[in-house]
file run.txt (compact mmCIF, C-alpha atoms)
# COMPACT_ATOMS: atom_id res chain seq x y z
CA MET A 1 2.70 -32.74 -24.32
CA LYS A 2 -0.20 -33.03 -26.76
CA LEU A 3 0.18 -36.82 -26.90
CA MET A 4 0.14 -37.10 -23.10
CA LYS A 5 -2.92 -34.87 -22.99
CA HIS A 6 -4.72 -37.13 -25.44
CA ILE A 7 -3.81 -40.18 -23.40
CA THR A 8 -5.13 -38.53 -20.24
CA ILE A 9 -8.42 -37.61 -21.90
CA ALA A 10 -8.75 -41.13 -23.29
CA LEU A 11 -8.33 -42.52 -19.80
CA VAL A 12 -11.20 -40.41 -18.55
CA LEU A 13 -13.49 -41.16 -21.47
CA CYS A 14 -12.94 -44.87 -21.05
CA ALA A 15 -13.20 -44.61 -17.26
CA ILE A 16 -10.08 -46.75 -16.92
CA PRO A 17 -8.16 -46.34 -13.65
CA ALA A 18 -4.65 -44.97 -14.08
CA MET A 19 -3.31 -47.78 -11.89
CA ALA A 20 -4.14 -50.24 -14.67
CA PHE A 21 -1.19 -48.92 -16.64
CA GLY A 22 1.27 -49.60 -13.88
CA GLN A 23 1.52 -45.96 -12.73
CA THR A 24 2.39 -45.69 -9.07
CA SER A 25 1.36 -42.04 -8.74
CA VAL A 26 -0.53 -39.41 -10.69
CA THR A 27 -0.17 -35.66 -10.12
CA CYS A 28 -1.96 -32.55 -11.31
CA ASP A 29 0.58 -29.77 -11.75
CA VAL A 30 -2.01 -27.16 -12.70
CA CYS A 31 -4.45 -27.94 -9.89
CA THR A 32 -4.76 -25.07 -7.41
CA HIS A 33 -7.65 -26.11 -5.17
CA GLN A 34 -8.99 -29.18 -3.43
CA ALA A 35 -12.31 -30.45 -2.18
CA SER A 36 -11.96 -30.50 1.59
CA VAL A 37 -13.93 -33.77 1.70
CA PHE A 38 -14.42 -36.23 -1.19
CA MET A 39 -16.68 -39.23 -0.79
CA GLY A 40 -19.88 -40.53 -2.34
CA GLU A 41 -21.87 -38.76 -5.04
CA GLY A 42 -21.90 -35.01 -5.50
CA GLY A 43 -20.56 -32.27 -7.71
CA LEU A 44 -18.80 -28.92 -7.83
CA ILE A 45 -18.92 -25.47 -9.43
CA ALA A 46 -16.10 -22.96 -9.75
CA THR A 47 -14.79 -19.98 -11.71
CA ALA A 48 -11.88 -20.77 -13.98
CA ALA A 49 -8.70 -18.78 -13.42
CA GLU A 50 -8.28 -15.80 -15.73
CA GLY A 51 -6.99 -16.90 -19.13
CA ALA A 52 -7.51 -20.61 -18.47
CA GLU A 53 -8.84 -22.38 -21.56
CA GLU A 54 -9.46 -25.60 -19.63
CA VAL A 55 -9.55 -26.77 -16.03
CA ALA A 56 -8.04 -30.09 -14.99
CA TYR A 57 -9.12 -32.36 -12.16
CA LEU A 58 -7.59 -35.40 -10.46
CA ALA A 59 -9.67 -37.74 -8.32
CA SER A 60 -8.02 -40.35 -6.09
CA CYS A 61 -9.95 -43.01 -4.20
CA ASP A 62 -8.91 -46.29 -2.62
CA GLY A 63 -5.54 -46.30 -4.42
CA VAL A 64 -7.00 -45.52 -7.87
CA SER A 65 -6.66 -42.15 -9.67
CA ARG A 66 -8.66 -40.71 -12.54
CA SER A 67 -8.03 -37.38 -14.24
CA GLY A 68 -9.71 -35.22 -16.89
CA THR A 69 -10.39 -31.70 -18.06
CA LEU A 70 -13.37 -29.33 -18.07
CA THR A 71 -14.01 -26.59 -20.62
CA PRO A 72 -15.16 -23.28 -19.08
CA GLU A 73 -18.47 -21.85 -20.27
CA GLY A 74 -18.89 -18.19 -19.43
CA GLY A 75 -15.82 -18.53 -17.26
CA MET A 76 -17.46 -21.24 -15.12
CA VAL A 77 -16.89 -24.98 -14.79
CA ASN A 78 -19.08 -27.58 -13.12
CA MET A 79 -19.46 -31.34 -13.00
CA LEU A 80 -21.29 -34.19 -11.28
CA PHE A 81 -18.98 -36.81 -9.80
CA GLN A 82 -21.18 -39.67 -11.00
CA ASP A 83 -21.16 -38.35 -14.59
CA LYS A 84 -17.36 -38.42 -14.60
CA GLY A 85 -17.09 -41.88 -13.03
CA ILE A 86 -15.24 -40.60 -9.98
CA VAL A 87 -17.70 -41.48 -7.20
CA CYS A 88 -15.61 -42.48 -4.17
CA ASN A 89 -17.07 -45.15 -1.88
CA ALA A 90 -14.17 -44.98 0.56
CA ASP A 91 -13.38 -42.36 3.20
CA ASP A 92 -9.87 -41.60 1.96
CA GLY A 93 -10.76 -39.82 -1.30
CA GLU A 94 -9.09 -36.69 -2.61
CA LEU A 95 -10.20 -34.39 -5.40
CA GLU A 96 -7.92 -31.69 -6.86
CA ILE A 97 -8.93 -29.14 -9.49
CA GLY A 98 -7.42 -26.11 -11.19
CA PRO A 99 -6.56 -23.56 -12.19
CA ILE A 100 -9.61 -21.92 -10.61
CA MET A 101 -10.39 -18.82 -8.56
CA ASP A 102 -11.20 -18.79 -4.85
CA GLY A 103 -14.92 -19.09 -4.11
CA GLY A 104 -15.59 -22.46 -5.76
CA TRP A 105 -17.66 -24.97 -3.81
CA PHE A 106 -18.84 -28.57 -3.89
CA TRP A 107 -21.50 -30.79 -2.40
CA ILE A 108 -21.64 -34.39 -1.25
CA THR A 109 -24.86 -36.43 -1.15
CA ASP A 110 -25.19 -38.91 1.70
CA ALA A 111 -27.99 -41.46 2.08
CA ASP A 112 -30.47 -38.94 3.46
CA ASN A 113 -28.91 -35.46 3.23
CA SER A 114 -26.33 -33.37 1.42
CA ALA A 115 -23.44 -31.29 2.72
CA VAL A 116 -21.75 -28.31 1.09
CA GLY A 117 -18.13 -27.27 1.41
CA ASN A 118 -15.62 -24.93 -0.19
CA LEU A 119 -12.88 -25.78 -2.64
CA ILE A 120 -9.87 -24.83 -0.55
CA ASP A 121 -6.70 -23.24 -1.91
CA GLN A 122 -3.90 -25.79 -1.65
CA MET A 123 -1.55 -23.05 -0.45
CA VAL A 124 -3.23 -23.03 2.98
CA LEU A 125 -3.34 -26.77 3.56
CA ASP A 126 -0.06 -26.64 5.48
CA ASN A 127 -1.52 -24.15 7.96
CA GLU A 128 -2.18 -25.36 11.47
CA PRO A 129 -5.73 -26.83 11.68
CA THR A 130 -8.09 -25.97 14.54
CA MET A 131 -9.36 -28.70 16.84
CA ILE A 132 -13.09 -29.22 16.21
CA THR A 133 -15.20 -29.61 19.35
CA SER A 134 -16.59 -33.14 19.69
CA ALA A 135 -20.33 -33.61 20.19
CA GLY A 136 -19.86 -37.12 21.58
CA ASP A 137 -20.80 -40.51 20.19
CA GLY A 138 -23.94 -39.19 18.50
CA VAL A 139 -21.90 -37.37 15.81
CA THR A 140 -19.21 -39.06 13.77
CA MET A 141 -16.28 -36.94 12.59
CA THR A 142 -14.26 -37.80 9.49
CA MET A 143 -11.13 -35.75 8.87
CA GLY A 144 -10.76 -34.24 5.40
CA MET A 145 -8.35 -31.74 3.85
CA GLY A 146 -8.93 -28.48 5.66
CA ALA A 147 -12.34 -29.56 6.96
CA VAL A 148 -14.14 -32.22 8.97
CA TYR A 149 -17.14 -34.20 7.69
CA LEU A 150 -19.80 -34.44 10.43
CA LYS A 151 -22.74 -36.83 10.53
CA GLU A 152 -25.42 -37.11 13.19
CA THR A 153 -26.18 -40.80 13.52
CA ALA A 154 -29.82 -40.48 14.67
CA SER A 155 -31.06 -38.07 11.97
CA GLY A 156 -28.58 -38.65 9.17
CA ARG A 157 -27.84 -34.92 8.98
CA VAL A 158 -24.42 -34.15 7.52
CA GLY A 159 -22.21 -31.11 7.34
CA ILE A 160 -18.72 -29.99 6.35
CA LEU A 161 -16.97 -27.83 8.93
CA PRO A 162 -13.69 -26.04 7.99
CA ASN A 163 -10.87 -26.53 10.47
CA ILE A 164 -8.36 -24.19 8.79
CA LEU A 165 -9.73 -20.87 9.88
CA PRO A 166 -8.74 -17.34 8.77
CA GLU A 167 -6.42 -15.58 11.17
CA PRO A 168 -7.10 -11.97 12.16
CA PRO A 169 -4.61 -9.54 10.62
CA ALA A 170 -1.54 -8.92 12.72
CA ALA A 171 -1.46 -5.62 14.55
CA ALA A 172 0.59 -2.97 12.81
CA ALA A 173 4.11 -2.75 14.18
CA GLU A 174 4.76 0.29 16.35
CA VAL A 175 7.12 2.72 14.65
CA CYS A 176 10.22 4.04 16.41
CA GLY A 177 10.36 7.77 16.83
CA PRO A 178 9.02 10.81 18.66
CA ARG A 179 6.50 10.53 21.45
CA VAL A 180 4.63 13.21 23.36
CA THR A 181 6.06 13.78 26.80
CA PRO A 182 3.19 13.33 29.29
CA ASN A 183 1.67 16.43 30.87
CA THR A 184 3.24 18.87 28.39
CA ASN A 185 1.05 21.83 27.43
CA PRO A 186 1.12 22.45 24.57
CA ALA A 187 1.89 18.86 23.59
CA ALA A 188 5.57 18.41 22.78
CA TYR A 189 7.41 15.50 21.19
CA THR A 190 10.35 15.60 23.57
CA SER A 191 10.40 11.86 24.26
CA GLN A 192 10.96 8.95 21.90
CA LYS A 193 10.42 5.22 21.49
CA SER A 194 13.68 3.49 20.63
CA SER A 195 13.13 -0.18 21.49
CA SER A 196 10.60 -2.89 20.54
CA CYS A 197 9.63 -0.83 17.52
CA MET A 198 10.08 -0.80 13.75
CA LEU A 199 12.89 1.18 12.12
CA GLY A 200 12.59 2.76 8.69
CA ASP A 201 15.06 4.60 6.50
CA GLY A 202 15.76 7.30 9.06
CA GLY A 203 14.99 9.97 6.49
CA THR A 204 13.62 13.45 6.83
CA LYS A 205 11.32 15.81 4.94
CA VAL A 206 11.12 19.57 4.57
CA ARG A 207 7.81 21.24 5.40
CA LEU A 208 7.02 24.58 3.76
CA GLN A 209 4.27 26.79 5.18
CA ALA A 210 2.87 29.91 3.54
CA PRO A 211 1.24 32.79 5.46
CA GLY A 212 -1.93 31.71 7.20
CA GLN A 213 -0.92 28.04 7.29
CA HIS A 214 0.75 27.99 10.71
CA GLY A 215 -0.09 24.81 12.57
CA ARG A 216 -1.05 22.85 9.48
CA THR A 217 0.69 19.55 8.80
CA THR A 218 0.62 19.76 5.02
CA THR A 219 3.38 21.20 2.88
CA THR A 220 2.93 24.22 0.65
CA THR A 221 4.17 23.63 -2.88
CA THR A 222 2.94 26.80 -4.63
CA VAL A 223 2.65 30.47 -3.69
CA THR A 224 1.62 33.52 -5.71
CA ARG A 225 4.04 36.43 -5.92
CA ASN A 226 2.80 40.00 -5.84
CA ILE A 227 3.45 42.22 -8.83
CA ALA A 228 5.79 45.22 -8.62
CA GLY A 229 4.75 47.59 -5.87
CA GLY A 230 3.18 44.86 -3.74
CA VAL A 231 4.34 43.31 -0.45
CA ASN A 232 6.57 40.31 0.20
CA VAL A 233 5.27 36.76 0.65
CA ASP A 234 7.00 34.79 3.42
CA VAL A 235 7.29 31.01 3.49
CA THR A 236 8.64 29.10 6.50
CA ALA A 237 10.77 25.97 6.15
CA ASP A 238 11.49 23.39 8.84
CA LEU A 239 12.72 19.80 8.95
CA TRP A 240 10.85 16.75 10.27
CA VAL A 241 11.49 13.02 10.44
CA ASN A 242 9.58 11.20 7.72
CA GLU A 243 7.73 8.87 10.14
CA SER A 244 9.18 5.72 8.61
CA GLY A 245 10.83 4.87 11.92
CA SER A 246 14.02 6.35 13.45
CA TYR A 247 15.31 7.60 16.77
CA ASN A 248 17.93 10.01 18.10
CA THR A 249 21.04 8.62 19.79
CA GLY A 250 22.26 12.01 20.99
CA ASP A 251 21.86 13.71 24.37
CA LEU A 252 18.17 14.49 24.67
CA THR A 253 18.80 16.95 27.53
CA ALA A 254 21.48 19.02 25.80
CA THR A 255 21.13 22.70 24.94
CA PRO A 256 20.04 23.60 22.35
CA ALA A 257 17.37 20.97 22.77
CA LEU A 258 18.27 17.93 20.70
CA ALA A 259 14.95 16.27 21.42
CA ASN A 260 13.12 18.33 18.80
CA ARG A 261 12.55 15.54 16.30
CA GLY A 262 8.85 15.74 15.61
CA TRP A 263 6.34 14.18 13.22
CA ALA A 264 4.71 16.76 10.99
CA GLY A 265 1.65 14.54 10.65
CA LYS A 266 0.98 14.79 14.39
CA GLY A 267 0.37 18.53 14.30
CA THR A 268 2.94 19.90 16.78
CA ASP A 269 5.79 22.36 16.24
CA ASN A 270 8.65 20.06 17.27
CA TRP A 271 10.77 20.19 14.15
CA LEU A 272 14.40 19.11 14.01
CA GLY A 273 16.75 21.78 15.29
CA ASN A 274 20.38 22.48 14.37
CA VAL A 275 19.76 22.63 10.63
CA GLY A 276 21.42 24.79 7.99
CA TRP A 277 19.55 25.90 4.88
CA SER A 278 20.29 26.82 1.29
CA ALA A 279 18.18 27.57 -1.75
CA HIS A 280 18.76 27.84 -5.48
CA LEU A 281 16.80 28.31 -8.67
CA HIS A 282 15.67 25.12 -10.30
CA GLY A 283 15.62 27.05 -13.56
CA ALA A 284 17.73 30.16 -14.18
CA THR A 285 15.44 31.91 -16.68
CA PRO A 286 14.87 34.83 -16.72
CA GLY A 287 16.86 35.58 -13.54
CA ALA A 288 20.37 34.13 -13.33
CA THR A 289 20.48 34.05 -9.53
CA LEU A 290 18.18 33.56 -6.58
CA ALA A 291 18.42 37.28 -5.87
CA GLY A 292 17.56 37.96 -9.49
CA ALA A 293 14.37 35.98 -8.95
CA GLY A 294 13.49 38.14 -5.95
CA VAL A 295 13.92 35.31 -3.43
CA GLU A 296 15.91 35.34 -0.19
CA ILE A 297 16.44 32.66 2.49
CA ALA A 298 17.56 33.24 6.08
CA ASP A 299 17.68 31.35 9.35
CA ILE A 300 15.07 32.20 11.95
CA GLY A 301 17.31 32.53 15.00
CA SER A 302 18.97 29.25 15.93
CA ASN A 303 15.92 26.99 16.15
CA GLY A 304 16.32 25.10 12.87
CA GLN A 305 13.80 27.06 10.81
CA ALA A 306 14.33 29.21 7.76
CA ASN A 307 12.29 31.97 6.19
CA ILE A 308 12.00 32.22 2.41
CA THR A 309 11.07 35.74 1.34
CA VAL A 310 9.40 36.07 -2.07
CA GLN A 311 9.63 39.67 -3.21
CA PRO A 312 7.63 41.44 -5.93
CA SER A 313 9.58 41.16 -9.18
CA ALA A 314 9.12 43.25 -12.29
CA THR A 315 11.32 40.74 -14.10
CA TYR A 316 9.10 37.73 -13.34
CA CYS A 317 5.77 39.42 -12.74
CA PRO A 318 5.62 42.77 -14.55
CA SER A 319 2.60 44.98 -13.94
CA SER A 320 1.87 45.36 -17.65
CA ALA A 321 -1.02 43.14 -18.68
CA THR A 322 0.61 42.41 -22.03
CA ALA A 323 4.09 41.54 -20.71
CA THR A 324 5.22 37.96 -20.27
CA ARG A 325 4.96 36.60 -16.73
CA THR A 326 7.25 33.78 -15.63
CA THR A 327 6.98 31.09 -12.96
CA ALA A 328 10.04 30.56 -10.76
CA VAL A 329 10.91 27.18 -9.22
CA VAL A 330 13.18 27.14 -6.17
CA ASN A 331 14.79 24.17 -4.41
CA ILE A 332 15.07 24.58 -0.63
CA MET A 333 17.62 22.23 0.94
CA ALA A 334 18.27 21.32 4.58
CA TRP A 335 21.87 20.58 5.56
CA THR A 336 23.61 19.58 8.74
CA SER A 337 24.52 22.71 10.68
CA GLY A 338 28.03 23.60 11.75
CA GLY A 339 30.91 24.10 9.35
CA THR A 340 30.61 25.56 5.87
CA LEU A 341 27.60 24.78 3.71
CA PRO A 342 28.09 23.80 0.08
CA PRO A 343 27.83 26.79 -2.26
CA ALA A 344 24.28 27.40 -3.41
CA LEU A 345 23.63 26.19 -6.92
CA GLY A 346 22.43 28.58 -9.59
CA GLY A 347 24.00 31.58 -7.83
CA GLY A 348 21.63 31.46 -4.84
CA THR A 349 22.32 32.30 -1.22
CA ALA A 350 23.20 29.94 1.59
CA THR A 351 22.78 30.29 5.32
CA SER A 352 24.11 28.13 8.12
CA GLY A 353 22.40 27.25 11.34
CA THR A 354 24.11 27.02 14.70
CA GLY A 355 24.52 24.11 17.06
CA ALA A 356 25.94 20.63 16.90
CA ASP A 357 27.42 18.71 14.00
CA ASP A 358 26.62 15.37 12.32
CA THR A 359 26.83 13.49 15.62
CA VAL A 360 23.56 15.08 16.73
CA PHE A 361 21.49 12.99 14.33
CA PRO A 362 23.69 10.05 13.32
CA ALA A 363 20.75 7.93 12.19
CA LEU A 364 19.74 10.71 9.81
CA ALA A 365 23.22 11.66 8.69
CA THR A 366 24.05 8.12 7.62
CA GLN A 367 20.97 7.98 5.41
CA ARG A 368 21.69 11.09 3.38
CA ALA A 369 20.97 11.45 -0.28
CA LEU A 370 20.63 14.49 -2.52
CA GLY A 371 24.36 15.18 -2.60
CA GLY A 372 24.73 15.43 1.16
CA ALA A 373 21.51 17.21 2.08
CA TYR A 374 19.06 15.87 4.63
CA ALA A 375 16.07 16.69 2.45
CA VAL A 376 14.89 19.03 -0.28
CA ALA A 377 11.55 20.66 -1.06
CA GLN A 378 10.52 22.50 -4.20
CA LEU A 379 8.57 25.75 -4.14
CA THR A 380 6.79 26.99 -7.27
CA ILE A 381 6.31 30.77 -7.33
CA MET A 382 3.47 31.84 -9.60
CA CYS A 383 2.43 35.27 -10.87
CA PRO A 384 -1.11 36.53 -10.41
CA PRO A 385 -3.26 36.38 -13.56
CA SER A 386 -3.08 39.48 -15.70
CA SER A 387 -6.16 41.67 -16.14
CA SER A 388 -6.27 40.75 -19.83
CA SER A 389 -6.56 37.05 -18.92
CA ALA A 390 -9.41 37.86 -16.59
CA ASN A 391 -11.18 39.85 -19.30
CA MET A 392 -10.76 36.98 -21.74
CA GLY A 393 -12.41 34.70 -19.24
CA GLU A 394 -15.36 37.06 -18.84
CA GLU A 395 -15.89 37.25 -22.60
CA LEU A 396 -16.42 33.50 -22.71
CA VAL A 397 -19.66 33.90 -20.73
CA PRO A 398 -22.61 35.10 -22.87
CA GLU A 399 -24.82 37.90 -21.59
CA ASN A 400 -27.65 35.41 -21.05
CA PRO A 401 -26.27 31.88 -20.78
CA PHE A 402 -29.76 30.36 -20.33
CA PRO A 403 -32.08 32.03 -22.90
CA THR A 404 -35.75 31.10 -22.87
CA ASP A 405 -38.53 31.53 -25.40
CA ARG A 406 -41.14 34.06 -24.41

call {"tool": "encode", "arguments": {"input": "run.txt", "output": "C-alpha cells"}}
result
Amino acid sequence: MKLMKHITIALVLCAIPAMAFGQTSVTCDVCTHQASVFMGEGGLIATAAEGAEEVAYLASCDGVSRSGTLTPEGGMVNMLFQDKGIVCNADDGELEIGPIMDGGWFWITDADNSAVGNLIDQMVLDNEPTMITSAGDGVTMTMGMGAVYLKETASGRVGILPNILPEPPAAAAEVCGPRVTPNTNPAAYTSQKSSSCMLGDGGTKVRLQAPGQHGRTTTTTTVTRNIAGGVNVDVTADLWVNESGSYNTGDLTATPALANRGWAGKGTDNWLGNVGWSAHLHGATPGATLAGAGVEIADIGSNGQANITVQPSATYCPSSATATRTTAVVNIMAWTSGGTLPPALGGGTATSGTGADDTVFPALATQRALGGAYAVAQLTIMCPPSSSSANMGEELVPENPFPTDR
C-alpha cells in the first residue's frame, strides 16, 4: 500500500496523466464527495473528516485522470485546480474528494464571472434529480453531477444550480389504537383505529396515582408513609396500552365494556378493564410479607383498577427519632382476569378481577413478558424524615449567614 501511495503522489507531482501508464480506469475508494460541476479554473475548500490525516482527490477530464492528496491544516483542506494541474477544458470533467465533511464548496472561474457550488455527498447522487426550468436560448444549461451549470450568453453571468433537492421529512405514521368517540362528554376512548396505521409491540403499562393526582397522566413512583398513629395513604393502579400501536380484536360492545383501552398520555380515564392484580415486596427486610410491610392491594369493583393501601408501620417507620427507618419497595403486577392468579411472591396478597379471559385482549396477551404478567410497576414507600434529621439540617445554617462589617 505504501508503494502504491508513493507512485500515486509521484504521478501528481510530475503532472503525468494516469492513462500514460496504460491504466483504463482510476478510482478513489476513500472519496466521499464530488464537485457537482468541474470545468475550467477554480478551487475548493472543505473540512476533513474526523480523524483523517490526509484527503485524497481524483480529477477526470477528457479521458485522463489525475489523483493526489491534501494534508489538512486546522482540520481544513483547500486547493486551486490550476496549482494541481487539473484544469479541465472539456465539459465532461469530474472531481472526487474525500474523506471530508458535508459543507465543503468549490468555485469555477469562467471568462468573465465565477460560480460557486457545493461538494455533494456521493450517497445522494442516485436520487432522482429535479427538472430545471429552461430560460430559453439566452441561457445555456450544462448538466453536472447533482447540479446544472447555467450561463447567460449576453452577460456572461454563470451559476451552479442544484437539481438534487432535499425532500421534506415524511409525515409520522399514524399509530393504531384508541380514538375518542365523537360527541362523548367527557371525552372517552371507546373507538379505535385498526387499519392503515402502524402497529407496535402491543404492550401495556401500569399507572400508579397517589392522592391528589387524579386525572394526571404521569405515574407515581414514590409515596411517603405516615408514622405510627397516622392515616393510610392510598395509591390507585390501572392498566393502559403503551401507545406503541395495538388494537382490540374483541367485541367492543360487550358488557363489561371491552372498549376501555385508553392512552394514559391523552388524559382520559379509559383504562383497560378486566384485569387482575397482585403485589409483593421487592425486598423482604424487615417485613417478611406484604402485610408485614403494612401494604394491602384490592380490586376496586370490577372496573380493572386496584387500590394499594399503605398503612402506618412501626416496623418500617417507628415514631422514635433515633430508631432506624426503612424504605419498602413493592412490585404491583397486572394479570389477565379470570381463573386463578399466580401466588404472590414474597408472601404478598393477590386479588383477581372479574370479566373475560385472555381472548379479550389477544394482541396484548400474546406479547406478555414478566412471567405471564401484562405489566409491572414499582412503588417505593418512604418514611418521613425524623425530627433529629431536621434539627441536624437547621444546625448547618449559621445564625447570621451573611455577616457584614459595621

call {"tool": "atom_distance", "arguments": {"input": "run.txt", "atom1": "atom CA of Gly98 of chain A", "atom2": "atom CA of Asp121 of chain A"}}
result
9.7 Å

call {"tool": "residues_around", "arguments": {"input": "run.txt", "residues": "Leu290 of chain A", "least_positions_apart": "3", "cutoff": "6 Å", "atoms": "all atoms listed in the file", "output": "list in words"}}
result
His280, Leu281, Ala293, Val295 and Gly348 of chain A

call {"tool": "write_last_selection", "arguments": {"input": "run.txt", "atoms": "C-alpha atoms", "output": "mmCIF file, in the frame of the given file"}}
result
data_model
loop_
_atom_site.group_PDB
_atom_site.id
_atom_site.type_symbol
_atom_site.label_atom_id
_atom_site.label_comp_id
_atom_site.auth_asym_id
_atom_site.auth_seq_id
_atom_site.Cartn_x
_atom_site.Cartn_y
_atom_site.Cartn_z
ATOM 1 C CA HIS A 280 18.760 27.840 -5.480
ATOM 2 C CA LEU A 281 16.800 28.310 -8.670
ATOM 3 C CA ALA A 293 14.370 35.980 -8.950
ATOM 4 C CA VAL A 295 13.920 35.310 -3.430
ATOM 5 C CA GLY A 348 21.630 31.460 -4.840
#

call {"tool": "closest_residue", "arguments": {"input": "run.txt", "among": "A:Pro211, A:Pro178, A:Gly146, A:Gly68", "to": "Met123 of chain A", "atoms": "all atoms listed in the file"}}
result
A:Gly146

call {"tool": "residues_around", "arguments": {"input": "run.txt", "residues": "Ala264 of chain A", "least_positions_apart": "2", "cutoff": "8 Å", "atoms": "all atoms listed in the file", "output": "list in words"}}
result
Arg207, Thr217, Thr218, Trp240, Val241, Gly262, Lys266, Gly267, Thr268, Asp269 and Trp271 of chain A

call {"tool": "residues_around", "arguments": {"input": "run.txt", "residues": "Met141 of chain A", "least_positions_apart": "2", "cutoff": "12 Å", "atoms": "only C-alpha atoms", "output": "PyMOL selection string"}}
result
chain A and resi 37+91+131-139+143-144+147-153+158-161+163

call {"tool": "atom_distance", "arguments": {"input": "run.txt", "atom1": "atom CA of Gly203 of chain A", "atom2": "atom CA of Ala172 of chain A"}}
result
20.4 Å

call {"tool": "atom_distance", "arguments": {"input": "run.txt", "atom1": "atom CA of Val124 of chain A", "atom2": "atom CA of Asp92 of chain A"}}
result
19.7 Å

call {"tool": "residues_around", "arguments": {"input": "run.txt", "residues": "Gly43 of chain A", "least_positions_apart": "2", "cutoff": "6 Å", "atoms": "only C-alpha atoms", "output": "list of chain:residue names"}}
result
A:Met79, A:Leu80, A:Phe81, A:Phe106, A:Trp107

call {"tool": "closest_residue", "arguments": {"input": "run.txt", "among": "A:Gly273, A:Pro72, A:Gly304, A:Pro166", "to": "Gly51 of chain A", "atoms": "all atoms listed in the file"}}
result
A:Pro72

call {"tool": "residues_around", "arguments": {"input": "run.txt", "residues": "Ala328 of chain A", "least_positions_apart": "6", "cutoff": "7 Å", "atoms": "all atoms listed in the file", "output": "list in words"}}
result
Thr380, Ile381 and Met382 of chain A

call {"tool": "closest_residue", "arguments": {"input": "run.txt", "among": "A:Pro99, A:Pro129, A:Gly104, A:Gly85", "to": "Leu44 of chain A", "atoms": "all atoms listed in the file"}}
result
A:Gly104

call {"tool": "decode", "arguments": {"input": "run.txt", "residues": "segment 149-166 of chain A", "atoms": "C-alpha atoms", "output": "mmCIF file, in the first residue's frame"}}
result
data_model
loop_
_atom_site.group_PDB
_atom_site.id
_atom_site.type_symbol
_atom_site.label_atom_id
_atom_site.label_comp_id
_atom_site.auth_asym_id
_atom_site.auth_seq_id
_atom_site.Cartn_x
_atom_site.Cartn_y
_atom_site.Cartn_z
ATOM 1 C CA TYR A 149 -24.164 24.848 -14.816
ATOM 2 C CA LEU A 150 -26.012 27.908 -16.174
ATOM 3 C CA LYS A 151 -24.549 30.651 -18.348
ATOM 4 C CA GLU A 152 -26.302 33.715 -19.711
ATOM 5 C CA THR A 153 -24.891 34.265 -23.179
ATOM 6 C CA ALA A 154 -25.385 38.060 -23.347
ATOM 7 C CA SER A 155 -23.778 38.992 -19.993
ATOM 8 C CA GLY A 156 -21.506 36.037 -19.346
ATOM 9 C CA ARG A 157 -23.047 35.537 -15.904
ATOM 10 C CA VAL A 158 -22.702 31.974 -14.619
ATOM 11 C CA GLY A 159 -24.227 29.983 -11.815
ATOM 12 C CA ILE A 160 -24.467 26.465 -10.423
ATOM 13 C CA LEU A 161 -27.994 25.329 -9.587
ATOM 14 C CA PRO A 162 -28.513 22.066 -7.606
ATOM 15 C CA ASN A 163 -31.018 19.677 -9.140
ATOM 16 C CA ILE A 164 -30.978 17.086 -6.336
ATOM 17 C CA LEU A 165 -33.104 18.849 -3.781
ATOM 18 C CA PRO A 166 -33.786 17.930 -0.125
#
